[in-house]
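To be precise, the following lines are model39.pdb, and they hold PDB, C-alpha atoms and all ligand atoms.
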ATOM      1  CA  MET A   9      -0.882  -3.107  26.399
ATOM      2  CA  ARG A  10      -2.720  -0.963  24.027
ATOM      3  CA  ILE A  11      -0.619   1.630  22.289
ATOM      4  CA  VAL A  12      -2.311   4.909  21.573
ATOM      5  CA  MET A  13      -1.636   5.558  17.894
ATOM      6  CA  PHE A  14      -2.690   9.139  17.662
ATOM      7  CA  ALA A  15      -2.419  11.673  20.463
ATOM      8  CA  ALA A  16      -3.403  15.266  20.697
ATOM      9  CA  GLY A  17      -1.525  17.809  18.572
ATOM     10  CA  ILE A  18       1.743  18.799  20.100
ATOM     11  CA  VAL A  19       3.672  21.953  19.429
ATOM     12  CA  ALA A  20       7.351  21.200  19.159
ATOM     13  CA  ALA A  21      10.431  23.312  18.629
ATOM     14  CA  VAL A  22      13.798  22.797  17.047
ATOM     15  CA  LEU A  23      15.963  20.309  18.880
ATOM     16  CA  CYS A  24      19.494  21.064  19.942
ATOM     17  CA  LEU A  25      21.990  19.645  17.491
ATOM     18  CA  PRO A  26      24.492  17.280  19.104
ATOM     19  CA  ALA A  27      28.162  18.199  18.828
ATOM     20  CA  PHE A  28      30.209  15.663  16.923
ATOM     21  CA  ALA A  29      33.677  14.558  17.771
ATOM     22  CA  GLN A  30      35.110  14.786  14.291
ATOM     23  CA  GLY A  31      34.492  14.682  10.556
ATOM     24  CA  PRO A  32      33.021  17.311   8.202
ATOM     25  CA  LEU A  33      29.294  17.371   8.817
ATOM     26  CA  ALA A  34      26.477  18.424   6.546
ATOM     27  CA  LYS A  35      25.385  21.882   7.608
ATOM     28  CA  PRO A  36      21.778  22.750   8.420
ATOM     29  CA  SER A  37      20.612  25.589   6.211
ATOM     30  CA  ARG A  38      19.674  27.489   9.377
ATOM     31  CA  ALA A  39      21.271  27.390  12.774
ATOM     32  CA  ALA A  40      18.666  26.522  15.359
ATOM     33  CA  ALA A  41      19.001  25.666  18.994
ATOM     34  CA  GLN A  42      15.965  25.742  21.178
ATOM     35  CA  LYS A  43      14.814  23.499  23.977
ATOM     36  CA  PRO A  44      11.837  21.315  23.023
ATOM     37  CA  PRO A  45       8.749  22.003  25.145
ATOM     38  CA  ALA A  46       7.621  19.512  27.766
ATOM     39  CA  GLU A  47       4.891  18.186  25.433
ATOM     40  CA  VAL A  48       7.490  16.941  22.977
ATOM     41  CA  ASN A  49       9.370  15.092  25.657
ATOM     42  CA  GLN A  50       6.094  13.549  26.760
ATOM     43  CA  ALA A  51       5.310  12.420  23.197
ATOM     44  CA  ARG A  52       8.802  10.956  22.904
ATOM     45  CA  GLN A  53       8.295   9.016  26.120
ATOM     46  CA  GLU A  54       5.044   7.571  24.734
ATOM     47  CA  GLN A  55       6.865   6.633  21.542
ATOM     48  CA  ALA A  56       9.695   5.039  23.543
ATOM     49  CA  LYS A  57       7.174   2.681  25.171
ATOM     50  CA  ILE A  58       6.543   1.143  21.748
ATOM     51  CA  TYR A  59      10.239   0.355  21.339
ATOM     52  CA  GLN A  60      10.264  -1.340  24.743
ATOM     53  CA  THR A  61       7.315  -3.651  24.048
ATOM     54  CA  ARG A  62       8.043  -7.361  23.961
ATOM     55  CA  GLY A  63       6.080 -10.529  23.128
ATOM     56  CA  GLU A  64       2.314 -10.086  23.175
ATOM     57  CA  GLU A  65       2.668  -6.410  23.980
ATOM     58  CA  VAL A  66       4.265  -5.562  20.628
ATOM     59  CA  PRO A  67       1.564  -3.775  18.587
ATOM     60  CA  ALA A  68       0.494  -5.840  15.569
ATOM     61  CA  THR A  69       1.366  -2.889  13.342
ATOM     62  CA  TYR A  70       4.940  -2.689  14.682
ATOM     63  CA  VAL A  71       6.630  -5.124  12.272
ATOM     64  CA  THR A  72      10.276  -5.884  13.041
ATOM     65  CA  ASP A  73      10.971  -8.985  10.948
ATOM     66  CA  ARG A  74      10.577  -7.997   7.316
ATOM     67  CA  ALA A  75      12.440 -10.285   4.927
ATOM     68  CA  LEU A  76      14.943  -9.039   2.346
ATOM     69  CA  LEU A  77      12.367  -9.904  -0.306
ATOM     70  CA  SER A  78      10.010  -7.488   1.412
ATOM     71  CA  TYR A  79      12.703  -4.771   1.376
ATOM     72  CA  GLY A  80      13.111  -5.469  -2.351
ATOM     73  CA  SER A  81       9.426  -5.096  -3.086
ATOM     74  CA  THR A  82       8.892  -2.126  -0.742
ATOM     75  CA  LEU A  83      11.833   0.101  -1.711
ATOM     76  CA  LEU A  84      12.487   1.512  -5.200
ATOM     77  CA  PRO A  85      13.063  -1.412  -7.579
ATOM     78  CA  ASP A  86      16.806  -0.870  -8.051
ATOM     79  CA  PHE A  87      17.575  -1.322  -4.333
ATOM     80  CA  ILE A  88      18.254  -5.064  -4.575
ATOM     81  CA  GLY A  89      20.422  -4.611  -7.682
ATOM     82  CA  THR A  90      22.475  -1.965  -5.863
ATOM     83  CA  LEU A  91      22.888  -4.302  -2.893
ATOM     84  CA  ALA A  92      23.855  -7.182  -5.182
ATOM     85  CA  GLU A  93      26.613  -5.055  -6.729
ATOM     86  CA  LEU A  94      28.380  -4.339  -3.424
ATOM     87  CA  GLY A  95      31.704  -6.085  -2.882
ATOM     88  CA  PRO A  96      33.616  -7.114   0.262
ATOM     89  CA  ALA A  97      35.195  -3.647   0.604
ATOM     90  CA  ASP A  98      31.772  -1.948   0.696
ATOM     91  CA  ARG A  99      29.432  -1.265   3.615
ATOM     92  CA  TRP A 100      25.611  -1.351   3.988
ATOM     93  CA  LEU A 101      23.756   0.416   6.817
ATOM     94  CA  ASP A 102      20.174  -0.605   7.644
ATOM     95  CA  ILE A 103      18.641   2.081   9.854
ATOM     96  CA  GLY A 104      15.778   0.825  11.980
ATOM     97  CA  ALA A 105      16.668  -2.786  11.301
ATOM     98  CA  GLY A 106      14.318  -4.422  13.836
ATOM     99  CA  GLN A 107      15.442  -8.046  14.072
ATOM    100  CA  GLY A 108      17.889  -7.520  11.205
ATOM    101  CA  ARG A 109      16.329 -10.276   9.133
ATOM    102  CA  ALA A 110      17.002  -8.527   5.808
ATOM    103  CA  ILE A 111      20.715  -8.411   6.630
ATOM    104  CA  LEU A 112      20.801 -12.075   7.632
ATOM    105  CA  GLU A 113      19.140 -13.095   4.373
ATOM    106  CA  TYR A 114      21.672 -11.125   2.327
ATOM    107  CA  TYR A 115      24.360 -13.554   3.515
ATOM    108  CA  GLY A 116      22.248 -16.627   2.690
ATOM    109  CA  GLU A 117      22.747 -18.783  -0.390
ATOM    110  CA  ARG A 118      19.262 -17.906  -1.562
ATOM    111  CA  PHE A 119      20.331 -14.319  -2.262
ATOM    112  CA  ASP A 120      23.109 -15.534  -4.573
ATOM    113  CA  ALA A 121      20.783 -18.038  -6.232
ATOM    114  CA  MET A 122      18.313 -15.244  -6.961
ATOM    115  CA  HIS A 123      21.037 -12.829  -8.087
ATOM    116  CA  PRO A 124      23.639 -14.926  -9.900
ATOM    117  CA  GLU A 125      24.950 -11.853 -11.754
ATOM    118  CA  GLY A 126      28.006 -10.392 -10.045
ATOM    119  CA  ARG A 127      28.315 -13.316  -7.688
ATOM    120  CA  GLU A 128      32.101 -13.546  -8.068
ATOM    121  CA  ARG A 129      32.633  -9.849  -7.519
ATOM    122  CA  ARG A 130      30.413  -9.991  -4.440
ATOM    123  CA  GLY A 131      32.674 -12.618  -2.937
ATOM    124  CA  SER A 132      32.171 -12.692   0.818
ATOM    125  CA  LYS A 133      29.840  -9.662   0.430
ATOM    126  CA  ALA A 134      29.752  -6.225   2.003
ATOM    127  CA  GLN A 135      30.018  -5.493   5.692
ATOM    128  CA  SER A 136      26.590  -4.714   7.185
ATOM    129  CA  VAL A 137      25.555  -2.635  10.148
ATOM    130  CA  ALA A 138      22.063  -2.892  11.662
ATOM    131  CA  LEU A 139      20.872   0.058  13.724
ATOM    132  CA  SER A 140      17.885  -0.174  16.059
ATOM    133  CA  ILE A 141      16.859   1.778  19.134
ATOM    134  CA  GLU A 142      15.942  -1.432  20.935
ATOM    135  CA  ASP A 143      17.710  -4.768  20.779
ATOM    136  CA  ARG A 144      15.519  -7.172  18.795
ATOM    137  CA  ARG A 145      18.204  -9.663  17.872
ATOM    138  CA  THR A 146      17.125 -13.292  17.652
ATOM    139  CA  ALA A 147      19.071 -16.555  17.976
ATOM    140  CA  ASP A 148      19.320 -16.466  14.164
ATOM    141  CA  TRP A 149      21.237 -13.197  14.360
ATOM    142  CA  HIS A 150      23.717 -14.559  16.899
ATOM    143  CA  ASN A 151      24.198 -17.832  14.962
ATOM    144  CA  THR A 152      24.791 -16.044  11.646
ATOM    145  CA  ALA A 153      27.182 -13.525  13.234
ATOM    146  CA  ALA A 154      29.194 -16.397  14.741
ATOM    147  CA  ALA A 155      29.325 -18.249  11.416
ATOM    148  CA  LEU A 156      30.460 -15.231   9.348
ATOM    149  CA  GLU A 157      33.944 -13.724   9.463
ATOM    150  CA  PRO A 158      34.392 -11.499  12.559
ATOM    151  CA  GLY A 159      32.969  -7.992  12.134
ATOM    152  CA  LYS A 160      31.051  -8.869   8.952
ATOM    153  CA  ILE A 161      27.765  -7.936  10.570
ATOM    154  CA  SER A 162      27.171  -5.769  13.593
ATOM    155  CA  TYR A 163      24.049  -4.734  15.467
ATOM    156  CA  LEU A 164      24.061  -1.379  17.258
ATOM    157  CA  HIS A 165      21.265  -0.541  19.681
ATOM    158  CA  GLY A 166      20.446   1.734  22.605
ATOM    159  CA  ARG A 167      20.683   4.990  20.637
ATOM    160  CA  ARG A 168      18.960   6.805  17.787
ATOM    161  CA  LEU A 169      20.848   7.503  14.573
ATOM    162  CA  ARG A 170      21.426  11.138  15.583
ATOM    163  CA  GLU A 171      23.223  10.026  18.761
ATOM    164  CA  TYR A 172      26.152   8.412  16.933
ATOM    165  CA  THR A 173      29.161  10.326  15.734
ATOM    166  CA  PRO A 174      30.220   9.762  12.107
ATOM    167  CA  ALA A 175      33.475   8.352  13.487
ATOM    168  CA  GLU A 176      31.591   5.649  15.380
ATOM    169  CA  LEU A 177      29.688   4.443  12.333
ATOM    170  CA  GLY A 178      32.106   5.097   9.471
ATOM    171  CA  ARG A 179      31.051   5.597   5.842
ATOM    172  CA  PHE A 180      28.661   3.527   3.734
ATOM    173  CA  GLN A 181      28.015   2.947   0.033
ATOM    174  CA  LEU A 182      24.410   1.966   0.707
ATOM    175  CA  ALA A 183      21.854   2.833   3.390
ATOM    176  CA  SER A 184      18.301   1.557   3.720
ATOM    177  CA  ASP A 185      15.387   2.390   5.983
ATOM    178  CA  VAL A 186      12.143   0.407   5.826
ATOM    179  CA  TYR A 187       9.719   1.914   8.352
ATOM    180  CA  GLY A 188      12.737   2.803  10.512
ATOM    181  CA  GLY A 189      14.128   6.161  11.616
ATOM    182  CA  PHE A 190      12.961   8.052   8.502
ATOM    183  CA  SER A 191       9.345   7.137   9.369
ATOM    184  CA  TYR A 192       9.767   7.460  13.150
ATOM    185  CA  THR A 193      12.056  10.424  13.836
ATOM    186  CA  SER A 194      10.726  13.633  15.346
ATOM    187  CA  ASP A 195      13.459  15.580  13.523
ATOM    188  CA  LEU A 196      13.431  14.687   9.843
ATOM    189  CA  SER A 197      15.973  17.258   8.642
ATOM    190  CA  LEU A 198      18.525  16.296  11.293
ATOM    191  CA  PHE A 199      17.959  12.649  10.384
ATOM    192  CA  MET A 200      18.656  13.392   6.688
ATOM    193  CA  MET A 201      21.803  15.321   7.566
ATOM    194  CA  ARG A 202      23.107  12.378   9.553
ATOM    195  CA  ILE A 203      22.392   9.929   6.739
ATOM    196  CA  LEU A 204      24.159  12.073   4.176
ATOM    197  CA  ASP A 205      27.132  12.513   6.511
ATOM    198  CA  LEU A 206      27.460   8.736   6.595
ATOM    199  CA  LEU A 207      27.212   8.123   2.840
ATOM    200  CA  GLU A 208      30.244   8.032   0.570
ATOM    201  CA  THR A 209      29.946  10.386  -2.385
ATOM    202  CA  GLY A 210      28.086   8.309  -4.985
ATOM    203  CA  GLY A 211      26.393   6.291  -2.237
ATOM    204  CA  SER A 212      22.596   5.983  -2.003
ATOM    205  CA  PHE A 213      19.914   6.007   0.678
ATOM    206  CA  TYR A 214      16.703   4.075  -0.045
ATOM    207  CA  THR A 215      13.582   4.655   2.026
ATOM    208  CA  LEU A 216       9.834   5.233   1.907
ATOM    209  CA  LEU A 217       6.959   6.940   3.687
ATOM    210  CA  ILE A 218       3.410   5.763   4.091
ATOM    211  CA  ASN A 219       0.433   8.026   3.558
ATOM    212  CA  VAL A 220       2.032  11.207   2.298
ATOM    213  CA  GLN A 221       1.037  13.600  -0.450
ATOM    214  CA  PRO A 222       2.882  12.150  -3.438
ATOM    215  CA  GLU A 223       4.982  14.183  -5.838
ATOM    216  CA  THR A 224       2.475  13.463  -8.608
ATOM    217  CA  ALA A 225      -0.524  14.890  -6.697
ATOM    218  CA  ALA A 226      -1.804  18.117  -8.227
ATOM    219  CA  GLY A 227      -2.121  21.043  -5.828
ATOM    220  CA  ARG A 228      -3.673  20.708  -2.410
ATOM    221  CA  SER A 229      -5.167  17.292  -1.833
ATOM    222  CA  ALA A 230      -8.843  16.831  -0.991
ATOM    223  CA  LYS A 231      -7.649  15.118   2.200
ATOM    224  CA  SER A 232      -7.437  17.202   5.316
ATOM    225  CA  THR A 233      -3.852  17.880   6.277
ATOM    226  CA  ALA A 234      -4.306  15.896   9.504
ATOM    227  CA  ALA A 235      -4.907  12.755   7.412
ATOM    228  CA  PHE A 236      -1.316  12.607   6.183
ATOM    229  CA  GLN A 237       1.087  10.570   8.280
ATOM    230  CA  THR A 238       4.021  12.848   7.483
ATOM    231  CA  GLU A 239       3.499  16.357   6.224
ATOM    232  CA  ILE A 240       5.611  19.449   5.604
ATOM    233  CA  LEU A 241       4.197  22.962   5.525
ATOM    234  CA  ALA A 242       5.919  26.038   4.134
ATOM    235  CA  ALA A 243       6.385  29.063   6.392
ATOM    236  CA  ASP A 244       3.045  30.453   5.041
ATOM    237  CA  GLY A 245       1.221  27.189   5.838
ATOM    238  CA  THR A 246       0.940  25.796   2.283
ATOM    239  CA  PRO A 247       1.794  22.084   1.914
ATOM    240  CA  VAL A 248       5.241  21.137   0.612
ATOM    241  CA  LYS A 249       5.570  17.638  -0.798
ATOM    242  CA  ILE A 250       8.178  15.415   0.853
ATOM    243  CA  CYS A 251       9.774  14.816  -2.523
ATOM    244  CA  SER A 252      10.063  18.573  -3.199
ATOM    245  CA  TRP A 253      11.767  19.043   0.165
ATOM    246  CA  LEU A 254      14.217  16.234  -0.567
ATOM    247  CA  ARG A 255      14.952  17.789  -3.969
ATOM    248  CA  GLN A 256      16.033  20.997  -2.209
ATOM    249  CA  ILE A 257      18.913  19.173  -0.509
ATOM    250  CA  GLY A 258      22.269  20.367  -1.799
ATOM    251  CA  CYS A 259      24.628  17.675  -3.162
ATOM    252  CA  ALA A 260      21.846  15.107  -3.545
ATOM    253  CA  GLU A 261      20.126  13.563  -6.558
ATOM    254  CA  VAL A 262      16.629  12.431  -5.625
ATOM    255  CA  SER A 263      14.181   9.948  -7.174
ATOM    256  CA  CYS A 264      10.623   9.588  -5.895
ATOM    257  CA  ASP A 265       7.790   7.343  -6.982
ATOM    258  CA  THR A 266       4.549   5.974  -5.666
ATOM    259  CA  ASP A 267       4.196   2.240  -5.298
ATOM    260  CA  PRO A 268       1.435   1.480  -7.831
ATOM    261  CA  ARG A 269       0.459  -1.789  -6.100
ATOM    262  CA  SER A 270      -0.333  -0.287  -2.753
ATOM    263  CA  GLU A 271      -3.806   0.926  -1.763
ATOM    264  CA  THR A 272      -2.376   3.155   0.952
ATOM    265  CA  PRO A 273      -0.196   5.781  -0.730
ATOM    266  CA  ILE A 274       3.435   4.775  -0.225
ATOM    267  CA  GLU A 275       6.097   7.034  -1.694
ATOM    268  CA  ARG A 276       9.549   5.545  -2.242
ATOM    269  CA  TYR A 277      12.740   7.566  -2.313
ATOM    270  CA  ARG A 278      16.339   7.214  -3.412
ATOM    271  CA  VAL A 279      18.733   9.977  -2.325
ATOM    272  CA  ARG A 280      22.153   9.723  -3.956
ATOM    273  CA  LYS A 281      24.940  11.829  -2.494
ATOM    274  CA  THR A 282      26.724  13.667  -5.288
ATOM    275  CA  CYS A 283      29.243  15.844  -3.414
ATOM    276  CA  ASP A 284      30.419  16.648   0.095
ATOM    277  CA  LYS A 285      28.889  20.084   0.733
ATOM    278  CA  VAL A 286      25.511  18.744   1.695
ATOM    279  CA  SER A 287      22.866  21.180   2.951
ATOM    280  CA  VAL A 288      19.438  20.074   4.137
ATOM    281  CA  PRO A 289      16.592  22.627   4.419
ATOM    282  CA  ALA A 290      15.752  22.707   8.135
ATOM    283  CA  LEU A 291      12.355  21.484   9.305
ATOM    284  CA  LEU A 292      10.798  22.419  12.623
ATOM    285  CA  PRO A 293       8.601  19.723  14.169
ATOM    286  CA  VAL A 294       5.160  21.172  14.868
ATOM    287  CA  HIS A 295       3.204  17.992  15.590
ATOM    288  CA  PHE A 296       4.259  14.540  16.730
ATOM    289  CA  ALA A 297       1.769  11.888  17.805
ATOM    290  CA  PRO A 298       3.180   8.521  18.900
ATOM    291  CA  GLY A 299       2.282   5.517  16.758
ATOM    292  CA  THR A 300       3.531   2.844  14.393
ATOM    293  CA  PRO A 301       4.657   4.941  12.634
ATOM    294  CA  PRO A 302       3.967   8.245  14.409
ATOM    295  CA  ALA A 303       1.973  11.043  12.780
ATOM    296  CA  ARG A 304       4.242  14.031  12.134
ATOM    297  CA  GLN A 305       3.938  17.533  10.819
ATOM    298  CA  PHE A 306       6.927  19.774  10.124
ATOM    299  CA  ARG A 307       7.318  23.388   9.084
ATOM    300  CA  LEU A 308      10.044  24.587   6.729
ATOM    301  CA  ALA A 309      12.259  26.970   8.642
ATOM    302  CA  ALA A 310      12.499  30.441   7.155
ATOM    303  CA  PRO A 311      15.874  30.955   5.422
ATOM    304  CA  ALA A 312      18.474  32.694   7.580
ATOM    305  CA  ALA A 313      18.824  36.417   6.994
ATOM    306  CA  PRO A 314      21.871  37.221   4.784
TER     307      PRO A 314
HETATM  308  C1  LIG B 401       8.828  -0.959  12.614
HETATM  309  S1  LIG B 401      10.500  -1.407  12.983
HETATM  310  C2  LIG B 401      11.084  -1.775  11.354
HETATM  311  C3  LIG B 401      12.094  -2.890  11.371
HETATM  312  C4  LIG B 401      12.596  -3.396  10.028
HETATM  313  N1  LIG B 401      13.075  -2.353   9.168
HETATM  314  C5  LIG B 401      11.541  -4.180   9.338
HETATM  315  O1  LIG B 401      10.993  -3.700   8.345
HETATM  316  O2  LIG B 401      11.243  -5.289   9.798
HETATM  317  C6  LIG B 401      11.225   0.173  13.378
HETATM  318  C7  LIG B 401      12.706   0.145  13.660
HETATM  319  O3  LIG B 401      13.211   1.466  13.547
HETATM  320  C8  LIG B 401      14.022   1.753  14.669
HETATM  321  N2  LIG B 401      14.137   3.206  14.798
HETATM  322  C9  LIG B 401      13.151   4.117  14.921
HETATM  323  N3  LIG B 401      13.664   5.364  14.989
HETATM  324  C10 LIG B 401      15.004   5.238  14.882
HETATM  325  C11 LIG B 401      16.095   6.156  14.882
HETATM  326  N4  LIG B 401      15.883   7.480  14.981
HETATM  327  N5  LIG B 401      17.342   5.666  14.781
HETATM  328  C12 LIG B 401      17.560   4.341  14.671
HETATM  329  N6  LIG B 401      16.572   3.413  14.657
HETATM  330  C13 LIG B 401      15.314   3.862  14.763
HETATM  331  C14 LIG B 401      13.368   0.989  15.785
HETATM  332  O4  LIG B 401      14.205   0.852  16.886
HETATM  333  C15 LIG B 401      13.079  -0.330  15.047
HETATM  334  O5  LIG B 401      14.237  -1.125  14.982
END
How does the structure come out when it is put into structure tokens?
Ligand SMILES: C[S@@+](CC[C@H](N)C(=O)[O-])C[C@H]1O[C@@H](n2cnc3c(N)ncnc32)[C@H](O)[C@@H]1O
Amino acid sequence: MRIVMFAAGIVAAVLCLPAFAQGPLAKPSRAAAQKPPAEVNQARQEQAKIYQTRGEEVPATYVTDRALLSYGSTLLPDFIGTLAELGPADRWLDIGAGQGRAILEYYGERFDAMHPEGRERRGSKAQSVALSIEDRRTADWHNTAAALEPGKISYLHGRRLREYTPAELGRFQLASDVYGGFSYTSDLSLFMMRILDLLETGGSFYTLLINVQPETAAGRSAKSTAAFQTEILAADGTPVKICSWLRQIGCAEVSCDTDPRSETPIERYRVRKTCDKVSVPALLPVHFAPGTPPARQFRLAAPAAP
């Protein structure tokens, strides 16, 4: 089946925020509750077809089996060191884990051989949770889960990140997302709120985006706005860099850099939670075209009137 990577522009609206059972949640900087138009639901259904593909039908560009080495070379360089420092009392969440290969490799002897420092402190290693909309577990996953101590790794599927309560997932010292929900969600600000809700203070989220206007770019790029895979516009229509938006998050320390080895601009991010009163500037989805990853455009919501 051929997946249509870019569809016509779709006007979206703010999605209703789910109510959570318990736990203090990061507050959106603007309360918004509006039903998404039919076009958005249609785009989501097209996107959902990609998650349901199996075997030969999986688009070549929908990669679900990246190795831990690939995570290490794709995310900001200190990701692997941060992972290597986790101990048995810590927890790692991989959002959009695909087959969960990176998690499996973390428990392999090769990881310890490559990172001998801190090996004793690591002991039996952190608990890991893989999150994926669709179940892409392999025999390797089931064999490794059976060989490790019960509950050491878990694989949650059937829902998007935003559909879990904080109580269901618990708190994490480390979260990663390699072409997962951060690249695929139609509601980027809600996604960031959920991530920060799940991080312990001092914990970090590592992720990346392909084909965005990097922090280092001067002014408006020569590229047409439609050429960016993910783009944010201010209320007056001027482009806002992803990194600048992340830096506006309250209680977060943000690092951004562009992978110098990549021909396609890839910007890598680390968001460290520094306190509990997180606030994420709300983004309204204005365009969402299914793909691997989808093309998305958001608009910064105007600040609420005092
Ligand atoms: C292209 S695969 C990447 C898999 C893996 N990270 C890798 O690099 O091999 C995308 C993954 O993100 C998941 N995903 C997309 N949106 C998500 C969301 N909002 N919440 C949780 N998982 C999501 C998909 O279900 C899938 O597991």
TODO: Taking the file above as input, evaluate the PyMOL selection byres (((not hetatm)) within 8 of (chain B and resi 401)) and report the hits as an MDAnalysis selection string.
DONE: chainID A and resid 59 69:75 78:79 102:110 139:144 165 167:170 185:193 199 300:301
Task: Å distance separating atom CA of Val294 of chain A from atom CA of Val220 of chain A, one decimal place - done: 16.3 Å
Open item on the list: Neighbouring residues of Gly116 of chain A were defined as those with any atom within 12 Å, considering all atoms listed in the file; residues of the same chain fewer than 6 positions away were excluded. Please report them as a list in words.
Closed with: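 The residues that qualify are Ala75, Leu76, Arg109, Ala110, Met122, His123, Ser132, Lys133, Asp148, Thr152, Ala155 and Leu156 of chain A.
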Open item on the list: Need the shell around Gln305 of chain A: protein/DNA/RNA residues with any atom at most 7 Å away, counting only C-alpha atoms. Skip same-chain ones fewer than 4 positions apart. Format as a ChimeraX atom specification?
Closed with: /A:238-240,293-296
Open item on the list: Calculated over all atoms listed in the file, which of the candidates A:Gly126, A:Gly80, A:Pro96, A:Gly89 has the smallest distance to Lys160 of chain A?
Closed with: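 Smallest distance to Lys160 of chain A is found for A:Pro96.
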- [ ] Apply the PyMOL selection byres (((chain A and resi 250) around 12) and not hetatm) to the displayed file and report the matching residues as a PyMOL selection string.
- [x] chain A and resi 190-191+196-197+216-225+236-242+247-249+251-257+262-265+274-277+289+291+305-308
Open item on the list: What's the separation between atom CA of Glu157 of chain A and atom CA of Arg130 of chain A, in Å to one decimal place?
Closed with: 14.8 Å
Open item on the list: Given the point (25.3, -2.5, 4.3) in the coordinates of this file, which residues lie within 10 Å, counting all atoms listed in the file, and how would they look as a ChimeraX atom specification?
Closed with: /A:91,94,98-103,111,114,133-138,160-161,180-184
TODO: Kindly give the distance, in Å, that separates atom CA of Ser81 of chain A and atom CA of Ile203 of chain A, rounded to a single decimal.
DONE: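 According to the coordinates, atom CA of Ser81 of chain A and atom CA of Ile203 of chain A are separated by 22.1 Å.
Of the listed residues (A:Ala92, A:Ala154, A:Val288, A:Leu112), A:Ala92 comes nearest to Arg127 of chain A; the distances count only C-alpha atoms.
Closest approach to Thr173 of chain A from the set A:Leu83, A:Val286, A:Leu206, A:Leu198 is made by A:Leu206, with distances taken over all atoms listed in the file.
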